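**Q** File coords-v2.cif below, mmCIF, C-alpha atoms and all ligand atoms; chains and numbers go by the auth columns:
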```
data_start
#
loop_
_atom_site.group_PDB
_atom_site.id
_atom_site.type_symbol
_atom_site.label_atom_id
_atom_site.label_comp_id
_atom_site.label_asym_id
_atom_site.label_seq_id
_atom_site.Cartn_x
_atom_site.Cartn_y
_atom_site.Cartn_z
_atom_site.B_iso_or_equiv
_atom_site.auth_seq_id
_atom_site.auth_asym_id
ATOM 1 C CA MET A 1 -122.269 -8.251 -76.462 0.00 198 P
ATOM 2 C CA ASN A 2 -120.842 -5.468 -74.352 0.00 199 P
ATOM 3 C CA LEU A 3 -122.326 -5.312 -70.830 0.00 200 P
ATOM 4 C CA LEU A 4 -121.699 -2.218 -68.740 0.00 201 P
ATOM 5 C CA THR A 5 -122.933 -1.752 -65.178 0.00 202 P
ATOM 6 C CA PHE A 6 -123.073 1.653 -63.490 0.00 203 P
ATOM 7 C CA ASP A 7 -123.170 2.541 -59.813 0.00 204 P
ATOM 8 C CA SER A 8 -125.116 5.733 -60.466 0.00 205 P
ATOM 9 C CA HIS A 9 -127.899 6.720 -62.832 0.00 206 P
ATOM 10 C CA ALA A 10 -126.054 9.948 -63.616 0.00 207 P
ATOM 11 C CA LYS A 11 -123.111 7.968 -65.035 0.00 208 P
ATOM 12 C CA LEU A 12 -125.400 5.594 -66.910 0.00 209 P
ATOM 13 C CA HIS A 13 -127.301 8.477 -68.515 0.00 210 P
ATOM 14 C CA GLU A 14 -124.082 10.286 -69.448 0.00 211 P
ATOM 15 C CA SER A 15 -122.681 7.137 -70.959 0.00 212 P
ATOM 16 C CA GLY A 16 -125.857 6.411 -72.960 0.00 213 P
ATOM 17 C CA ALA A 17 -126.050 9.980 -74.223 0.00 214 P
ATOM 18 C CA GLY A 18 -122.320 9.929 -74.981 0.00 215 P
ATOM 19 C CA ILE A 19 -122.714 6.911 -77.251 0.00 216 P
ATOM 20 C CA ILE A 20 -125.507 8.710 -79.147 0.00 217 P
ATOM 21 C CA THR A 21 -123.742 12.073 -79.425 0.00 218 P
ATOM 22 C CA GLY A 22 -120.502 10.357 -80.447 0.00 219 P
ATOM 23 C CA LEU A 23 -122.371 8.700 -83.296 0.00 220 P
ATOM 24 C CA VAL A 24 -124.128 11.906 -84.391 0.00 221 P
ATOM 25 C CA GLN A 25 -120.886 13.902 -84.253 0.00 222 P
ATOM 26 C CA THR A 26 -119.131 11.442 -86.546 0.00 223 P
ATOM 27 C CA ASN A 27 -122.219 10.890 -88.714 0.00 224 P
ATOM 28 C CA PRO A 28 -124.428 14.009 -88.677 0.00 225 P
ATOM 29 C CA ARG A 29 -126.941 12.228 -90.946 0.00 226 P
ATOM 30 C CA ALA A 30 -127.351 9.300 -88.550 0.00 227 P
ATOM 31 C CA VAL A 31 -130.654 7.431 -88.337 0.00 228 P
ATOM 32 C CA LEU A 32 -131.633 6.867 -84.709 0.00 229 P
ATOM 33 C CA GLY A 33 -134.248 4.463 -83.384 0.00 230 P
ATOM 34 C CA LEU A 34 -135.761 5.899 -80.195 0.00 231 P
ATOM 35 C CA ALA A 35 -137.674 4.505 -77.229 0.00 232 P
ATOM 36 C CA THR A 36 -140.056 5.996 -74.662 0.00 233 P
ATOM 37 C CA GLY A 37 -141.018 4.888 -71.139 0.00 234 P
ATOM 38 C CA GLY A 38 -139.278 5.730 -67.881 0.00 235 P
ATOM 39 C CA THR A 39 -135.868 4.294 -68.763 0.00 236 P
ATOM 40 C CA PRO A 40 -134.513 6.727 -71.396 0.00 237 P
ATOM 41 C CA VAL A 41 -135.683 10.001 -69.783 0.00 238 P
ATOM 42 C CA GLY A 42 -132.284 10.688 -68.157 0.00 239 P
ATOM 43 C CA ILE A 43 -130.476 9.961 -71.422 0.00 240 P
ATOM 44 C CA TYR A 44 -132.694 12.462 -73.258 0.00 241 P
ATOM 45 C CA GLU A 45 -131.962 15.032 -70.549 0.00 242 P
ATOM 46 C CA GLU A 46 -128.237 14.579 -71.195 0.00 243 P
ATOM 47 C CA LEU A 47 -128.767 14.919 -74.964 0.00 244 P
ATOM 48 C CA VAL A 48 -130.599 18.215 -74.405 0.00 245 P
ATOM 49 C CA LYS A 49 -127.790 19.467 -72.124 0.00 246 P
ATOM 50 C CA ASP A 50 -125.243 18.524 -74.755 0.00 247 P
ATOM 51 C CA TYR A 51 -127.234 20.341 -77.442 0.00 248 P
ATOM 52 C CA ARG A 52 -127.497 23.460 -75.263 0.00 249 P
ATOM 53 C CA ARG A 53 -123.730 23.435 -74.801 0.00 250 P
ATOM 54 C CA GLY A 54 -123.498 23.571 -78.597 0.00 251 P
ATOM 55 C CA LEU A 55 -121.713 20.235 -78.819 0.00 252 P
ATOM 56 C CA THR A 56 -124.092 18.171 -80.971 0.00 253 P
ATOM 57 C CA ARG A 57 -126.444 19.234 -83.751 0.00 254 P
ATOM 58 C CA PHE A 58 -129.409 17.127 -84.879 0.00 255 P
ATOM 59 C CA LYS A 59 -130.527 19.097 -87.936 0.00 256 P
ATOM 60 C CA ASP A 60 -129.565 16.318 -90.362 0.00 257 P
ATOM 61 C CA VAL A 61 -130.495 13.386 -88.116 0.00 258 P
ATOM 62 C CA THR A 62 -133.549 11.199 -88.797 0.00 259 P
ATOM 63 C CA THR A 63 -135.358 9.413 -85.970 0.00 260 P
ATOM 64 C CA PHE A 64 -137.850 6.574 -85.804 0.00 261 P
ATOM 65 C CA ASN A 65 -139.677 5.797 -82.596 0.00 262 P
ATOM 66 C CA LEU A 66 -140.404 2.216 -81.725 0.00 263 P
ATOM 67 C CA ASP A 67 -144.065 2.524 -80.956 0.00 264 P
ATOM 68 C CA GLU A 68 -147.194 4.535 -80.254 0.00 265 P
ATOM 69 C CA TYR A 69 -150.447 3.816 -78.456 0.00 266 P
ATOM 70 C CA VAL A 70 -153.576 3.392 -80.571 0.00 267 P
ATOM 71 C CA GLY A 71 -156.309 5.945 -79.988 0.00 268 P
ATOM 72 C CA LEU A 72 -154.615 8.553 -77.784 0.00 269 P
ATOM 73 C CA PRO A 73 -154.816 12.063 -79.267 0.00 270 P
ATOM 74 C CA GLU A 74 -151.358 13.285 -80.351 0.00 271 P
ATOM 75 C CA ASP A 75 -151.398 16.012 -77.694 0.00 272 P
ATOM 76 C CA HIS A 76 -152.524 13.631 -74.915 0.00 273 P
ATOM 77 C CA ALA A 77 -149.985 13.849 -72.089 0.00 274 P
ATOM 78 C CA GLU A 78 -149.158 10.137 -72.427 0.00 275 P
ATOM 79 C CA SER A 79 -148.998 9.801 -76.195 0.00 276 P
ATOM 80 C CA TYR A 80 -145.488 8.888 -77.238 0.00 277 P
ATOM 81 C CA ARG A 81 -145.442 11.834 -79.680 0.00 278 P
ATOM 82 C CA ASN A 82 -146.081 14.134 -76.729 0.00 279 P
ATOM 83 C CA TYR A 83 -143.491 12.313 -74.610 0.00 280 P
ATOM 84 C CA MET A 84 -140.853 12.788 -77.323 0.00 281 P
ATOM 85 C CA ASN A 85 -141.775 16.448 -77.797 0.00 282 P
ATOM 86 C CA MET A 86 -141.509 17.105 -74.054 0.00 283 P
ATOM 87 C CA HIS A 87 -138.329 15.155 -73.375 0.00 284 P
ATOM 88 C CA LEU A 88 -136.360 15.736 -76.560 0.00 285 P
ATOM 89 C CA PHE A 89 -137.814 17.051 -79.802 0.00 286 P
ATOM 90 C CA HIS A 90 -138.885 20.493 -78.548 0.00 287 P
ATOM 91 C CA HIS A 91 -135.424 21.116 -77.104 0.00 288 P
ATOM 92 C CA ILE A 92 -133.157 20.274 -80.037 0.00 289 P
ATOM 93 C CA ASP A 93 -132.872 21.252 -83.712 0.00 290 P
ATOM 94 C CA LEU A 94 -134.184 17.955 -85.112 0.00 291 P
ATOM 95 C CA PRO A 95 -136.611 18.873 -87.933 0.00 292 P
ATOM 96 C CA ARG A 96 -140.134 17.678 -87.133 0.00 293 P
ATOM 97 C CA THR A 97 -140.387 16.226 -90.666 0.00 294 P
ATOM 98 C CA ARG A 98 -137.613 13.765 -89.862 0.00 295 P
ATOM 99 C CA ALA A 99 -138.879 12.746 -86.404 0.00 296 P
ATOM 100 C CA HIS A 100 -141.038 9.738 -87.202 0.00 297 P
ATOM 101 C CA ILE A 101 -143.490 8.060 -84.854 0.00 298 P
ATOM 102 C CA PRO A 102 -146.229 5.665 -85.967 0.00 299 P
ATOM 103 C CA ASP A 103 -149.599 7.437 -86.089 0.00 300 P
ATOM 104 C CA GLY A 104 -151.770 5.739 -83.485 0.00 301 P
ATOM 105 C CA ASN A 105 -154.818 7.625 -84.759 0.00 302 P
ATOM 106 C CA ALA A 106 -154.558 6.558 -88.389 0.00 303 P
ATOM 107 C CA ALA A 107 -157.974 5.641 -89.838 0.00 304 P
ATOM 108 C CA ASP A 108 -156.394 2.481 -91.254 0.00 305 P
ATOM 109 C CA PRO A 109 -153.783 1.201 -88.755 0.00 306 P
ATOM 110 C CA GLU A 110 -152.618 -1.608 -91.066 0.00 307 P
ATOM 111 C CA ALA A 111 -151.933 0.916 -93.841 0.00 308 P
ATOM 112 C CA GLU A 112 -150.109 3.097 -91.310 0.00 309 P
ATOM 113 C CA CYS A 113 -147.837 0.155 -90.446 0.00 310 P
ATOM 114 C CA ARG A 114 -147.012 -0.310 -94.112 0.00 311 P
ATOM 115 C CA ARG A 115 -146.344 3.443 -94.483 0.00 312 P
ATOM 116 C CA TYR A 116 -143.975 3.310 -91.488 0.00 313 P
ATOM 117 C CA ASP A 117 -142.094 0.346 -92.924 0.00 314 P
ATOM 118 C CA GLN A 118 -141.729 2.184 -96.244 0.00 315 P
ATOM 119 C CA LEU A 119 -140.280 5.203 -94.446 0.00 316 P
ATOM 120 C CA LEU A 120 -137.849 2.928 -92.616 0.00 317 P
ATOM 121 C CA GLU A 121 -136.902 1.292 -95.885 0.00 318 P
ATOM 122 C CA GLN A 122 -136.272 4.666 -97.544 0.00 319 P
ATOM 123 C CA ALA A 123 -134.117 5.810 -94.627 0.00 320 P
ATOM 124 C CA GLY A 124 -131.872 2.766 -95.007 0.00 321 P
ATOM 125 C CA GLN A 125 -130.474 1.055 -91.939 0.00 322 P
ATOM 126 C CA ILE A 126 -131.053 2.429 -88.434 0.00 323 P
ATOM 127 C CA ASP A 127 -127.567 3.276 -87.148 0.00 324 P
ATOM 128 C CA LEU A 128 -128.423 2.987 -83.468 0.00 325 P
ATOM 129 C CA GLN A 129 -131.566 1.593 -81.878 0.00 326 P
ATOM 130 C CA LEU A 130 -132.190 2.617 -78.269 0.00 327 P
ATOM 131 C CA LEU A 131 -134.258 0.074 -76.322 0.00 328 P
ATOM 132 C CA GLY A 132 -135.775 -0.311 -72.880 0.00 329 P
ATOM 133 C CA LEU A 133 -136.909 -3.681 -71.570 0.00 330 P
ATOM 134 C CA GLY A 134 -140.392 -4.745 -70.466 0.00 331 P
ATOM 135 C CA HIS A 135 -140.801 -6.895 -67.341 0.00 332 P
ATOM 136 C CA ASN A 136 -142.057 -9.721 -69.541 0.00 333 P
ATOM 137 C CA GLY A 137 -139.135 -9.394 -71.958 0.00 334 P
ATOM 138 C CA HIS A 138 -140.861 -7.211 -74.521 0.00 335 P
ATOM 139 C CA ILE A 139 -138.867 -4.839 -76.734 0.00 336 P
ATOM 140 C CA GLY A 140 -140.793 -2.092 -78.439 0.00 337 P
ATOM 141 C CA PHE A 141 -144.266 -3.526 -77.883 0.00 338 P
ATOM 142 C CA ASN A 142 -143.296 -6.944 -79.218 0.00 339 P
ATOM 143 C CA GLU A 143 -144.917 -9.031 -76.511 0.00 340 P
ATOM 144 C CA PRO A 144 -144.000 -12.655 -75.704 0.00 341 P
ATOM 145 C CA ASP A 145 -145.803 -14.946 -78.135 0.00 342 P
ATOM 146 C CA HIS A 146 -145.419 -18.241 -80.020 0.00 343 P
ATOM 147 C CA ALA A 147 -144.280 -16.230 -83.056 0.00 344 P
ATOM 148 C CA LEU A 148 -142.968 -12.705 -83.541 0.00 345 P
ATOM 149 C CA ILE A 149 -143.638 -10.305 -86.409 0.00 346 P
ATOM 150 C CA SER A 150 -140.795 -8.796 -88.374 0.00 347 P
ATOM 151 C CA GLY A 151 -142.267 -5.473 -89.533 0.00 348 P
ATOM 152 C CA THR A 152 -144.422 -2.749 -87.994 0.00 349 P
ATOM 153 C CA HIS A 153 -147.756 -4.083 -86.780 0.00 350 P
ATOM 154 C CA VAL A 154 -150.743 -3.529 -84.528 0.00 351 P
ATOM 155 C CA VAL A 155 -150.413 -5.267 -81.206 0.00 352 P
ATOM 156 C CA GLN A 156 -152.773 -5.975 -78.352 0.00 353 P
ATOM 157 C CA LEU A 157 -150.947 -5.039 -75.164 0.00 354 P
ATOM 158 C CA ARG A 158 -150.584 -7.722 -72.524 0.00 355 P
ATOM 159 C CA GLU A 159 -152.332 -7.165 -69.216 0.00 356 P
ATOM 160 C CA GLU A 160 -148.966 -6.960 -67.389 0.00 357 P
ATOM 161 C CA THR A 161 -147.709 -4.312 -69.824 0.00 358 P
ATOM 162 C CA ARG A 162 -150.841 -2.192 -69.347 0.00 359 P
ATOM 163 C CA ARG A 163 -150.474 -2.605 -65.570 0.00 360 P
ATOM 164 C CA ALA A 164 -146.815 -1.518 -65.702 0.00 361 P
ATOM 165 C CA ASN A 165 -147.745 1.552 -67.778 0.00 362 P
ATOM 166 C CA ALA A 166 -150.773 2.429 -65.623 0.00 363 P
ATOM 167 C CA ARG A 167 -148.384 4.450 -63.432 0.00 364 P
ATOM 168 C CA PHE A 168 -148.408 7.130 -66.137 0.00 365 P
ATOM 169 C CA PHE A 169 -152.235 7.307 -66.314 0.00 366 P
ATOM 170 C CA ASP A 170 -154.954 8.183 -63.787 0.00 367 P
ATOM 171 C CA SER A 171 -156.392 4.678 -63.884 0.00 368 P
ATOM 172 C CA MET A 172 -155.834 1.287 -65.503 0.00 369 P
ATOM 173 C CA GLU A 173 -158.959 1.795 -67.684 0.00 370 P
ATOM 174 C CA GLN A 174 -157.293 4.760 -69.381 0.00 371 P
ATOM 175 C CA VAL A 175 -154.291 2.720 -70.537 0.00 372 P
ATOM 176 C CA PRO A 176 -154.788 1.946 -74.235 0.00 373 P
ATOM 177 C CA THR A 177 -155.337 -1.687 -75.125 0.00 374 P
ATOM 178 C CA HIS A 178 -153.495 -1.560 -78.464 0.00 375 P
ATOM 179 C CA ALA A 179 -150.365 -0.029 -79.931 0.00 376 P
ATOM 180 C CA LEU A 180 -148.445 0.142 -83.184 0.00 377 P
ATOM 181 C CA THR A 181 -144.929 -1.191 -82.859 0.00 378 P
ATOM 182 C CA MET A 182 -141.862 -1.683 -84.993 0.00 379 P
ATOM 183 C CA GLY A 183 -141.259 -5.412 -85.395 0.00 380 P
ATOM 184 C CA VAL A 184 -138.294 -7.405 -84.126 0.00 381 P
ATOM 185 C CA GLY A 185 -136.982 -7.832 -87.673 0.00 382 P
ATOM 186 C CA THR A 186 -136.572 -4.062 -87.995 0.00 383 P
ATOM 187 C CA ILE A 187 -135.040 -3.779 -84.523 0.00 384 P
ATOM 188 C CA LEU A 188 -132.501 -6.518 -85.246 0.00 385 P
ATOM 189 C CA LYS A 189 -131.525 -4.889 -88.557 0.00 386 P
ATOM 190 C CA ALA A 190 -130.118 -1.846 -86.714 0.00 387 P
ATOM 191 C CA ARG A 191 -126.343 -1.455 -86.982 0.00 388 P
ATOM 192 C CA MET A 192 -126.013 -1.112 -83.222 0.00 389 P
ATOM 193 C CA ILE A 193 -128.464 -1.745 -80.401 0.00 390 P
ATOM 194 C CA LEU A 194 -128.234 0.131 -77.106 0.00 391 P
ATOM 195 C CA LEU A 195 -130.321 -1.673 -74.486 0.00 392 P
ATOM 196 C CA VAL A 196 -130.799 0.244 -71.240 0.00 393 P
ATOM 197 C CA VAL A 197 -132.109 -1.506 -68.134 0.00 394 P
ATOM 198 C CA LYS A 198 -132.655 -0.010 -64.700 0.00 395 P
ATOM 199 C CA GLY A 199 -134.019 -1.272 -61.388 0.00 396 P
ATOM 200 C CA ALA A 200 -134.048 -4.393 -59.231 0.00 397 P
ATOM 201 C CA ASP A 201 -137.418 -5.381 -60.734 0.00 398 P
ATOM 202 C CA LYS A 202 -135.685 -5.949 -64.104 0.00 399 P
ATOM 203 C CA ALA A 203 -132.732 -8.010 -62.771 0.00 400 P
ATOM 204 C CA ASP A 204 -134.334 -11.389 -63.504 0.00 401 P
ATOM 205 C CA ILE A 205 -135.682 -10.550 -66.944 0.00 402 P
ATOM 206 C CA VAL A 206 -132.483 -8.924 -68.231 0.00 403 P
ATOM 207 C CA HIS A 207 -130.457 -11.906 -67.031 0.00 404 P
ATOM 208 C CA ARG A 208 -132.892 -14.341 -68.628 0.00 405 P
ATOM 209 C CA ALA A 209 -132.990 -12.328 -71.866 0.00 406 P
ATOM 210 C CA LEU A 210 -129.232 -12.161 -72.263 0.00 407 P
ATOM 211 C CA THR A 211 -128.136 -15.550 -70.894 0.00 408 P
ATOM 212 C CA GLY A 212 -131.195 -17.796 -71.235 0.00 409 P
ATOM 213 C CA PRO A 213 -132.578 -19.612 -74.260 0.00 410 P
ATOM 214 C CA ILE A 214 -133.364 -17.575 -77.372 0.00 411 P
ATOM 215 C CA THR A 215 -137.119 -17.802 -77.566 0.00 412 P
ATOM 216 C CA THR A 216 -140.116 -15.773 -78.725 0.00 413 P
ATOM 217 C CA ASP A 217 -141.431 -16.215 -75.154 0.00 414 P
ATOM 218 C CA CYS A 218 -138.851 -13.580 -74.282 0.00 415 P
ATOM 219 C CA PRO A 219 -138.523 -11.272 -77.309 0.00 416 P
ATOM 220 C CA ALA A 220 -135.448 -9.535 -75.852 0.00 417 P
ATOM 221 C CA SER A 221 -133.594 -12.868 -75.937 0.00 418 P
ATOM 222 C CA LEU A 222 -133.330 -12.420 -79.717 0.00 419 P
ATOM 223 C CA LEU A 223 -130.917 -9.571 -79.000 0.00 420 P
ATOM 224 C CA GLN A 224 -128.324 -12.253 -78.178 0.00 421 P
ATOM 225 C CA THR A 225 -128.040 -12.836 -81.917 0.00 422 P
ATOM 226 C CA HIS A 226 -127.152 -9.201 -82.662 0.00 423 P
ATOM 227 C CA PRO A 227 -123.507 -8.577 -83.635 0.00 424 P
ATOM 228 C CA HIS A 228 -123.296 -5.148 -81.971 0.00 425 P
ATOM 229 C CA LEU A 229 -125.309 -5.090 -78.756 0.00 426 P
ATOM 230 C CA VAL A 230 -124.338 -2.721 -75.947 0.00 427 P
ATOM 231 C CA VAL A 231 -126.201 -3.079 -72.633 0.00 428 P
ATOM 232 C CA LEU A 232 -126.171 -0.349 -70.006 0.00 429 P
ATOM 233 C CA MET A 233 -127.498 -1.414 -66.610 0.00 430 P
ATOM 234 C CA ASP A 234 -127.622 0.073 -63.162 0.00 431 P
ATOM 235 C CA ALA A 235 -126.173 -2.069 -60.369 0.00 432 P
ATOM 236 C CA GLU A 236 -129.648 -3.258 -59.305 0.00 433 P
ATOM 237 C CA ALA A 237 -130.618 -4.509 -62.756 0.00 434 P
ATOM 238 C CA GLY A 238 -127.175 -6.017 -63.335 0.00 435 P
ATOM 239 C CA ARG A 239 -126.829 -7.856 -60.024 0.00 436 P
ATOM 240 C CA LEU A 240 -127.199 -11.377 -61.480 0.00 437 P
ATOM 241 C CA PHE A 241 -124.315 -10.867 -63.910 0.00 438 P
ATOM 242 C CA ALA A 242 -121.694 -10.555 -61.155 0.00 439 P
HETATM 243 C C1 LIG B . -141.122 2.167 -75.162 0.00 1 W
HETATM 244 C C2 LIG B . -141.020 0.734 -75.387 0.00 1 W
HETATM 245 C C3 LIG B . -141.099 -0.265 -74.291 0.00 1 W
HETATM 246 C C4 LIG B . -140.376 0.172 -73.009 0.00 1 W
HETATM 247 C C5 LIG B . -140.546 -0.890 -71.924 0.00 1 W
HETATM 248 C C6 LIG B . -139.880 -0.459 -70.632 0.00 1 W
HETATM 249 O O1 LIG B . -141.042 2.868 -76.400 0.00 1 W
HETATM 250 O O2 LIG B . -140.913 0.354 -76.515 0.00 1 W
HETATM 251 O O3 LIG B . -140.551 -1.473 -74.736 0.00 1 W
HETATM 252 O O4 LIG B . -139.017 0.364 -73.296 0.00 1 W
HETATM 253 O O5 LIG B . -141.904 -1.093 -71.700 0.00 1 W
HETATM 254 O O6 LIG B . -140.556 0.653 -70.121 0.00 1 W
HETATM 255 P P1 LIG B . -139.961 1.479 -68.888 0.00 1 W
HETATM 256 O O7 LIG B . -138.729 2.143 -69.372 0.00 1 W
HETATM 257 O O8 LIG B . -141.056 2.502 -68.575 0.00 1 W
HETATM 258 O O9 LIG B . -139.727 0.505 -67.798 0.00 1 W
#
```
Would you write the structure of this file as structure tokens?
**A**
Amino acid sequence: MNLLTFDSHAKLHESGAGIITGLVQTNPRAVLGLATGGTPVGIYEELVKDYRRGLTRFKDVTTFNLDEYVGLPEDHAESYRNYMNMHLFHHIDLPRTRAHIPDGNAADPEAECRRYDQLLEQAGQIDLQLLGLGHNGHIGFNEPDHALISGTHVVQLREETRRANARFFDSMEQVPTHALTMGVGTILKARMILLVVKGADKADIVHRALTGPITTDCPASLLQTHPHLVVLMDAEAGRLFA
């Protein structure tokens, strides 16, 4: 595990984007696993800047997002498809046909999960999986539980997760109750995992996840078993590692 702490968000974002562009420059056909939420926005901004400078091309890259809400129209401001379009996809030359996100409006969500797993299978291994961290230790939308699911599945979001995400919606009632998420098995199969954690409110959970017992009560703790985990933290999130 490689833990890096940054004294500014600018440096953290540049470093995160640099790891991704370095990979894509050496392997233009890289398969990237992508995350949404507040944490990666600055990294996506750096990727767009890099693309505009003509340094990195994404035309042969394939991406798989971790998750999508169930029941939000694709063009809803808070759907993860819309988030990705706004923050990254509309600004780079990644072909839409290779930018995969689970379809949260599929008539048969279980069949959609199987379709997503087949696509992942066909793409081979994810070269780099970008992750944020939930306050309860979730990764993707794999919530703490007595058992975790390996492949893509439908999940009922925990109350605390909906509360944390309510900041993006007008009210708590508008936050979807369910999502489709890649499973922990798929996440752990990635060649490299880039976990990004920011803010004092994540200091306890990131410390527990990376130094505490490996348990499904804290899904991120399973990352301790990964052979190539890189963690980027701001000083506030990383304060317990001193
Ligand atoms: C997003 C995702 C979630 C978030 C986590 C942290 O695709 O899978 O696990 O990474 O909820 O969210 P933020 O970054 O908003 O604190």
**Q** Within 8 Å of range 213-225 of chain P, counting all atoms listed in the file, which residues show up once you throw out same-chain ones fewer than 2 positions away? Write them as a PyMOL selection string, please.
**A** chain P and resi 209-211+227+240-241+243-244+253-258+325+391+429
**Q** The PyMOL selection byres (((not hetatm)) within 8 of (chain W and resi 1)) on the file shown: which residues, as a list in words?
**A**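 Listing what the PyMOL selection byres (((not hetatm)) within 8 of (chain W and resi 1)) selects in the shown file: Leu231, Ala232, Thr233, Gly234, Gly235, Thr236, Pro237, Asn262, Leu263, Asp264, Glu265, Tyr277, Leu328, Gly329, Leu330, Gly331, His332, His335, Ile336, Gly337, Phe338, Asn339, Thr358, Ala361, Asn362, Thr378, Val394 and Lys395 of chain P.
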**Q** Which is closest to Pro424 in chain P among P:Met283, P:Ile390, P:Ile411, P:Ala406, if we use only C-alpha atoms?
**A**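 Using only C-alpha atoms, Pro424 in chain P sits closest to P:Ile390.
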**Q** Determine the nearest neighbour of Phe365 in chain P from the options P:Arg226, P:Phe261, P:Gly239, P:His273, counting all atoms listed in the file.
**A** P:His273
**Q** Once the PyMOL selection byres (((chain P and resi 433-438) around 10) and not hetatm) has been evaluated on this model, what residues remain selected, and can you format them as a list in words?
**A**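 So the PyMOL selection byres (((chain P and resi 433-438) around 10) and not hetatm) ends up selecting Leu200, Leu201, Thr202, Phe203, Asp204, Val393, Val394, Lys395, Gly396, Ala397, Asp398, Lys399, Ala400, Asp401, Ile402, Val403, His404, Arg405, Leu407, Thr408, Val428, Leu429, Met430, Asp431, Ala432 and Ala439 of chain P.
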**Q** Considering all atoms listed in the file, can you say which of P:Pro292, P:Gly380, P:Gly348, P:Gly301 comes closest to Gln315 in chain P?
**A**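 Smallest separation from Gln315 in chain P among the options: P:Gly348.
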**Q** So that I can see what lies close to His350 in chain P, please list as a PDB file with C-alpha atoms, in the coordinates of the input the residues with an atom at most 9 Å from it, counting all atoms listed in the file and leaving out residues fewer than 5 positions away in the same chain.
**A**
```pdb
ATOM      1  CA  PRO P 306    -153.783   1.201 -88.755  1.00  0.00           C
ATOM      2  CA  GLU P 307    -152.618  -1.608 -91.066  1.00  0.00           C
ATOM      3  CA  GLU P 309    -150.109   3.097 -91.310  1.00  0.00           C
ATOM      4  CA  CYS P 310    -147.837   0.155 -90.446  1.00  0.00           C
ATOM      5  CA  ARG P 311    -147.012  -0.310 -94.112  1.00  0.00           C
ATOM      6  CA  ALA P 376    -150.365  -0.029 -79.931  1.00  0.00           C
ATOM      7  CA  LEU P 377    -148.445   0.142 -83.184  1.00  0.00           C
ATOM      8  CA  THR P 378    -144.929  -1.191 -82.859  1.00  0.00           C
ATOM      9  CA  MET P 379    -141.862  -1.683 -84.993  1.00  0.00           C
ATOM     10  CA  GLY P 380    -141.259  -5.412 -85.395  1.00  0.00           C
TER      11      GLY P 380
END
```
**Q** Would you list the residues near (-135.7, 7.3, -88.3) (no more than 10 Å away, in the coordinates of the file, using all atoms listed in the file) as a ChimeraX atom specification?
**A** /P:227-231,258-263,295-298,313,316-326
**Q** Of the residues P:Ala387, P:Leu354, P:Arg360, P:Glu340, which is the one nearest to Pro416 in chain P, using only C-alpha atoms?
**A** P:Glu340
**Q** Just checking: using only C-alpha atoms, which residue out of P:Gln421, P:Ser205, P:Ile346, P:Tyr248 ends up closest to Leu291 in chain P?
**A**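 The answer is P:Tyr248, which sits nearest to Leu291 in chain P.
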**Q** How many Å lie between CA of Arg355 in chain P and CA of Pro373 in chain P, rounded to one decimal?
**A**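 Result for CA of Arg355 in chain P versus CA of Pro373 in chain P: 10.7 Å, one decimal.
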